[in-house]
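Visitor: Dumping the structure here so I can ask a few things about it.
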Amino acid sequence: MENSMTLPLSPLYRRINSTRTLPRQNFYTLALNGEYAHRAFDEERAPLNKGKWRSEVFQAEEARVLDLEIGTGTGTFFAHQAIKNPERLLVGIELKYKPLIQSIRRALTAGANNAAACRFHAFNLDQLFATEELNDIYIHFPDPWVTPRKPQNRTVNAELLKIMHGLQRPGSRLYFKTDSREYFLWALEEIKRTPYEVAFMTLNLHQSEKSTENFVTGFERIFISQGIEINYLELIRK
Ligand SMILES: C[S@@+](CC[C@H](N)C(=O)[O-])C[C@H]1O[C@@H](n2cnc3c(N)ncnc32)[C@H](O)[C@@H]1O
């Protein structure tokens, strides 16, 4: 088993501040390592679960499905997904403390025992999961980084996609929704440099065949109210 602490860092790696040594703690930072510590992990405790999410965090068999949501926000999809699919396991990552705690609290309050949340940077995913540890990945409305124009910060980029591909089990899917047409078209070009295959793609999710099965996330509701068309794709990890 790989030891996350001794792994070389990928060129994408982003250092984030340590929760434990924050000069000022608040309700959310304290809850992360207190009330919710059994199901929420800060950036130091989270990678200790690498390769052991099923066996140690969820005490589940290796065959059990383990999905990931990147950027849970306040966790409406996160909690819905966990409750609707009790046979699947779900890990959510989020950078900000308040939405992170809202996400895990929402899931636990709804009765989910198959969900865990981490304060973690998406670019560091190879520190969090072992090769082929994951099934499906959900990326809903990631920050589009259009102003200022900094596409190197976008989550759906070729280098991170190649890493995510390696972390997924064959046959898994990656789901991506964004309000930003610019980001979406840019991502389609990035995907061509990865082993993923596009299984479904639309520039208007709510007018597509996928609209009935779609769960409207917190940010999606806002974009819909503004009349913005939602770009959506599904990738297959062969
Ligand atoms: C626009 S919100 C979307 C939230 C939610 N997915 C939704 O659809 O309502 C993007 C979220 O991703 C989080 N985020 C941004 N960059 C991240 C990163 N590098 N790693 C993890 N989370 C990130 C933000 O803190 C924010 O909560």
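Here's how to read the names in the structure tokens: chain A, B, ... by the order shown, residue numbers from 1 in each chain, ligand numbers from 1 in the order shown.
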Check which residues of chain A sit at most 7 Å from ligand 1 using only C-alpha atoms and all ligand atoms, and return one row each with the closest pair of atoms and their distance in Å to one decimal, ordered by chain and rising number, as JSON lines.

Guide:
```
{"residue": "A:Ile70", "atom": "CA", "partner": "ligand 1", "partner_atom_place_in_ligand_line": "21 (C)", "distance": 5.7}
{"residue": "A:Gly71", "atom": "CA", "partner": "ligand 1", "partner_atom_place_in_ligand_line": "12 (O)", "distance": 3.5}
{"residue": "A:Thr72", "atom": "CA", "partner": "ligand 1", "partner_atom_place_in_ligand_line": "6 (N)", "distance": 4.5}
{"residue": "A:Gly73", "atom": "CA", "partner": "ligand 1", "partner_atom_place_in_ligand_line": "27 (O)", "distance": 3.6}
{"residue": "A:Thr74", "atom": "CA", "partner": "ligand 1", "partner_atom_place_in_ligand_line": "5 (C)", "distance": 6.7}
{"residue": "A:Gly75", "atom": "CA", "partner": "ligand 1", "partner_atom_place_in_ligand_line": "5 (C)", "distance": 6.9}
{"residue": "A:Ile93", "atom": "CA", "partner": "ligand 1", "partner_atom_place_in_ligand_line": "21 (C)", "distance": 5.4}
{"residue": "A:Glu94", "atom": "CA", "partner": "ligand 1", "partner_atom_place_in_ligand_line": "22 (N)", "distance": 3.8}
{"residue": "A:Leu95", "atom": "CA", "partner": "ligand 1", "partner_atom_place_in_ligand_line": "22 (N)", "distance": 4.4}
{"residue": "A:Lys96", "atom": "CA", "partner": "ligand 1", "partner_atom_place_in_ligand_line": "25 (O)", "distance": 4.9}
{"residue": "A:Pro99", "atom": "CA", "partner": "ligand 1", "partner_atom_place_in_ligand_line": "27 (O)", "distance": 6.2}
{"residue": "A:Phe120", "atom": "CA", "partner": "ligand 1", "partner_atom_place_in_ligand_line": "21 (C)", "distance": 5.8}
{"residue": "A:His121", "atom": "CA", "partner": "ligand 1", "partner_atom_place_in_ligand_line": "20 (N)", "distance": 3.8}
{"residue": "A:Ala122", "atom": "CA", "partner": "ligand 1", "partner_atom_place_in_ligand_line": "20 (N)", "distance": 3.9}
{"residue": "A:Phe123", "atom": "CA", "partner": "ligand 1", "partner_atom_place_in_ligand_line": "19 (N)", "distance": 6.1}
{"residue": "A:Ile139", "atom": "CA", "partner": "ligand 1", "partner_atom_place_in_ligand_line": "6 (N)", "distance": 6.7}
{"residue": "A:His140", "atom": "CA", "partner": "ligand 1", "partner_atom_place_in_ligand_line": "6 (N)", "distance": 4.3}
{"residue": "A:Phe141", "atom": "CA", "partner": "ligand 1", "partner_atom_place_in_ligand_line": "3 (C)", "distance": 4.7}
{"residue": "A:Pro142", "atom": "CA", "partner": "ligand 1", "partner_atom_place_in_ligand_line": "10 (C)", "distance": 4.5}
{"residue": "A:Asp143", "atom": "CA", "partner": "ligand 1", "partner_atom_place_in_ligand_line": "1 (C)", "distance": 5.2}
{"residue": "A:Thr155", "atom": "CA", "partner": "ligand 1", "partner_atom_place_in_ligand_line": "19 (N)", "distance": 6.7}
{"residue": "A:Thr217", "atom": "CA", "partner": "ligand 1", "partner_atom_place_in_ligand_line": "8 (O)", "distance": 4.6}
{"residue": "A:Gly218", "atom": "CA", "partner": "ligand 1", "partner_atom_place_in_ligand_line": "9 (O)", "distance": 3.8}
{"residue": "A:Phe219", "atom": "CA", "partner": "ligand 1", "partner_atom_place_in_ligand_line": "9 (O)", "distance": 3.8}
{"residue": "A:Glu220", "atom": "CA", "partner": "ligand 1", "partner_atom_place_in_ligand_line": "8 (O)", "distance": 5.8}
```

Visitor: Can you write out the residues you just picked, keeping C-alpha atoms, as a PDB file, in the first residue's frame?

Guide:
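Ended up saving to out15.pdb:
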```pdb
ATOM      1  CA  ILE A  70     -15.432  17.895  -6.152  1.00  0.00           C
ATOM      2  CA  GLY A  71     -16.556  21.277  -4.751  1.00  0.00           C
ATOM      3  CA  THR A  72     -19.684  20.284  -2.827  1.00  0.00           C
ATOM      4  CA  GLY A  73     -20.733  23.862  -2.026  1.00  0.00           C
ATOM      5  CA  THR A  74     -23.468  23.730   0.619  1.00  0.00           C
ATOM      6  CA  GLY A  75     -24.046  20.071  -0.185  1.00  0.00           C
ATOM      7  CA  ILE A  93     -14.157  17.644  -1.146  1.00  0.00           C
ATOM      8  CA  GLU A  94     -14.492  21.367  -0.557  1.00  0.00           C
ATOM      9  CA  LEU A  95     -11.980  24.107   0.183  1.00  0.00           C
ATOM     10  CA  LYS A  96     -14.141  26.404   2.297  1.00  0.00           C
ATOM     11  CA  PRO A  99     -19.942  24.883   2.962  1.00  0.00           C
ATOM     12  CA  PHE A 120      -9.025  19.330   0.284  1.00  0.00           C
ATOM     13  CA  HIS A 121      -7.776  20.976  -2.903  1.00  0.00           C
ATOM     14  CA  ALA A 122      -8.936  19.261  -6.084  1.00  0.00           C
ATOM     15  CA  PHE A 123      -5.442  19.506  -7.568  1.00  0.00           C
ATOM     16  CA  ILE A 139     -17.839  18.208 -10.826  1.00  0.00           C
ATOM     17  CA  HIS A 140     -20.730  20.681 -10.691  1.00  0.00           C
ATOM     18  CA  PHE A 141     -20.150  24.351 -11.435  1.00  0.00           C
ATOM     19  CA  PRO A 142     -16.477  24.608 -10.553  1.00  0.00           C
ATOM     20  CA  ASP A 143     -15.107  28.148 -10.421  1.00  0.00           C
ATOM     21  CA  THR A 155     -10.370  21.785 -12.299  1.00  0.00           C
ATOM     22  CA  THR A 217     -27.710  22.029  -7.499  1.00  0.00           C
ATOM     23  CA  GLY A 218     -27.611  25.225  -5.440  1.00  0.00           C
ATOM     24  CA  PHE A 219     -25.643  27.198  -8.030  1.00  0.00           C
ATOM     25  CA  GLU A 220     -27.565  25.659 -10.902  1.00  0.00           C
TER      26      GLU A 220
END
```

Visitor: List the neighbours of Leu90 (chain A) out to 12 Å using only C-alpha atoms; skip same-chain residues closer than 4 positions along the sequence, and give me the result as a count of residues only.

Guide: 40

Visitor: Which residue out of A:Pro148, A:Pro11, A:Pro47, A:Gly34 has the minimum interatomic distance to Leu125 (chain A) when only C-alpha atoms are used?

Guide: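 Distance minimum relative to Leu125 (chain A) lands on A:Pro47.
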
Visitor: So which one's closest to Gln127 (chain A), A:Arg221, A:Lys210, A:Arg45, A:Lys238? Using only C-alpha atoms, please.

Guide: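 Nearest to Gln127 (chain A): A:Arg45.
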
Visitor: Give me, as a compact mmCIF listing (two decimals) with C-alpha atoms, in the first residue's frame, the residues of region 12-229 of chain A that a backbone DSSP run labels helix (DSSP H, G or I).

Guide:
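The new file out.txt reads:
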```txt
# COMPACT_ATOMS: atom_id res chain seq x y z
CA PHE A 27 -17.46 27.22 14.65
CA TYR A 28 -16.74 25.49 11.33
CA THR A 29 -13.03 24.80 11.82
CA LEU A 30 -13.77 23.45 15.28
CA ALA A 31 -16.65 21.29 14.00
CA LEU A 32 -14.39 19.82 11.31
CA ALA A 46 -7.83 13.22 4.94
CA PRO A 47 -4.82 11.75 3.06
CA LEU A 48 -4.32 9.17 5.83
CA ASN A 49 -7.41 7.49 4.33
CA TRP A 53 -11.74 4.72 2.21
CA ARG A 54 -13.85 1.60 1.82
CA SER A 55 -12.21 -0.61 4.42
CA GLU A 56 -11.48 1.87 7.23
CA VAL A 57 -13.67 4.95 6.85
CA THR A 76 -27.53 19.85 -1.68
CA PHE A 77 -26.39 17.37 -4.35
CA PHE A 78 -24.00 15.68 -1.90
CA ALA A 79 -26.77 14.89 0.62
CA HIS A 80 -29.32 14.02 -2.08
CA GLN A 81 -26.89 11.63 -3.80
CA ALA A 82 -25.96 9.89 -0.53
CA ILE A 83 -29.57 9.43 0.59
CA LYS A 84 -30.84 8.36 -2.82
CA TYR A 97 -15.03 25.49 5.86
CA LYS A 98 -18.61 26.69 6.06
CA PRO A 99 -19.94 24.88 2.96
CA LEU A 100 -17.89 21.83 3.91
CA ILE A 101 -19.58 21.56 7.30
CA GLN A 102 -22.98 22.41 5.78
CA SER A 103 -22.47 19.52 3.35
CA ILE A 104 -21.63 16.85 5.88
CA ARG A 105 -24.22 18.14 8.34
CA ARG A 106 -26.92 18.07 5.65
CA ALA A 107 -26.04 14.47 4.73
CA LEU A 108 -25.83 13.21 8.32
CA THR A 109 -29.02 15.00 9.39
CA ALA A 122 -8.94 19.26 -6.08
CA PHE A 123 -5.44 19.51 -7.57
CA ASN A 124 -4.14 17.22 -4.79
CA LEU A 125 -6.47 14.29 -5.46
CA ASP A 126 -3.61 11.84 -5.96
CA GLN A 127 -2.76 12.40 -2.28
CA PRO A 151 -7.42 28.76 -17.00
CA GLN A 152 -4.50 27.05 -15.27
CA ASN A 153 -6.67 27.08 -12.12
CA ALA A 158 -5.92 17.82 -19.13
CA GLU A 159 -3.30 17.13 -16.46
CA LEU A 160 -5.80 16.71 -13.61
CA LEU A 161 -8.08 14.67 -15.88
CA LYS A 162 -5.21 12.26 -16.53
CA ILE A 163 -4.72 11.92 -12.76
CA MET A 164 -8.47 11.41 -12.17
CA HIS A 165 -8.52 8.80 -14.95
CA GLY A 166 -5.88 6.81 -13.07
CA LEU A 167 -7.82 7.07 -9.80
CA ARG A 181 -19.62 28.22 -22.16
CA GLU A 182 -16.05 29.51 -22.40
CA TYR A 183 -14.84 27.03 -19.76
CA PHE A 184 -16.85 24.20 -21.33
CA LEU A 185 -15.43 24.66 -24.83
CA TRP A 186 -11.93 25.00 -23.37
CA ALA A 187 -12.47 21.77 -21.37
CA LEU A 188 -13.59 19.89 -24.49
CA GLU A 189 -10.19 20.66 -26.05
CA GLU A 190 -8.40 19.56 -22.85
CA ILE A 191 -10.33 16.26 -22.83
CA LEU A 205 -28.83 20.35 -20.29
CA HIS A 206 -32.37 21.44 -19.47
CA GLN A 207 -33.49 20.99 -23.07
CA GLY A 218 -27.61 25.23 -5.44
CA PHE A 219 -25.64 27.20 -8.03
CA GLU A 220 -27.57 25.66 -10.90
CA ARG A 221 -30.83 27.05 -9.48
CA ILE A 222 -29.34 30.55 -9.56
CA PHE A 223 -28.08 30.19 -13.13
CA ILE A 224 -31.45 28.85 -14.31
CA SER A 225 -33.22 31.85 -12.75
```

Visitor: Could you pull out the strand (DSSP E) residues of region 22-234 of chain A, going by DSSP on the backbone, and write them as a PyMOL selection string?

Guide: chain A and resi 40-41+66-70+89-94+115-119+137-140+173-178+197-202+231-234

Visitor: Could you please determine the separation between CA of Phe215 (chain A) and CA of Thr194 (chain A) in Å, to one decimal place?

Guide: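 Calculated distance between CA of Phe215 (chain A) and CA of Thr194 (chain A) is 27.3 Å.
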
Visitor: For a quick check of understanding, using only C-alpha atoms, which of A:Gly51, A:Met201, A:Arg193, A:Glu87 has the smallest distance to Thr131 (chain A)?

Guide: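 Among A:Gly51, A:Met201, A:Arg193, A:Glu87, it is A:Gly51 that comes nearest to Thr131 (chain A).
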
Visitor: For each of A:Asn214, A:Tyr232, A:Arg119, A:Tyr13, take the minimum atom-to-atom distance to Asn33 (chain A), counting only C-alpha atoms, then give the residue where this is smallest.

Guide: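 That would be A:Arg119, the residue with the smallest distance to Asn33 (chain A).
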
Visitor: When you draw a straight line from CA of Glu133 (chain A) to CA of Arg20 (chain A), how long is it in Å?

Guide: 27.4 Å

Visitor: If you measure from CA of Ser180 (chain A) to CA of Ser211 (chain A), what distance in Å do you get, rounded to one decimal?

Guide: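 Between CA of Ser180 (chain A) and CA of Ser211 (chain A) the gap works out to 18.1 Å.
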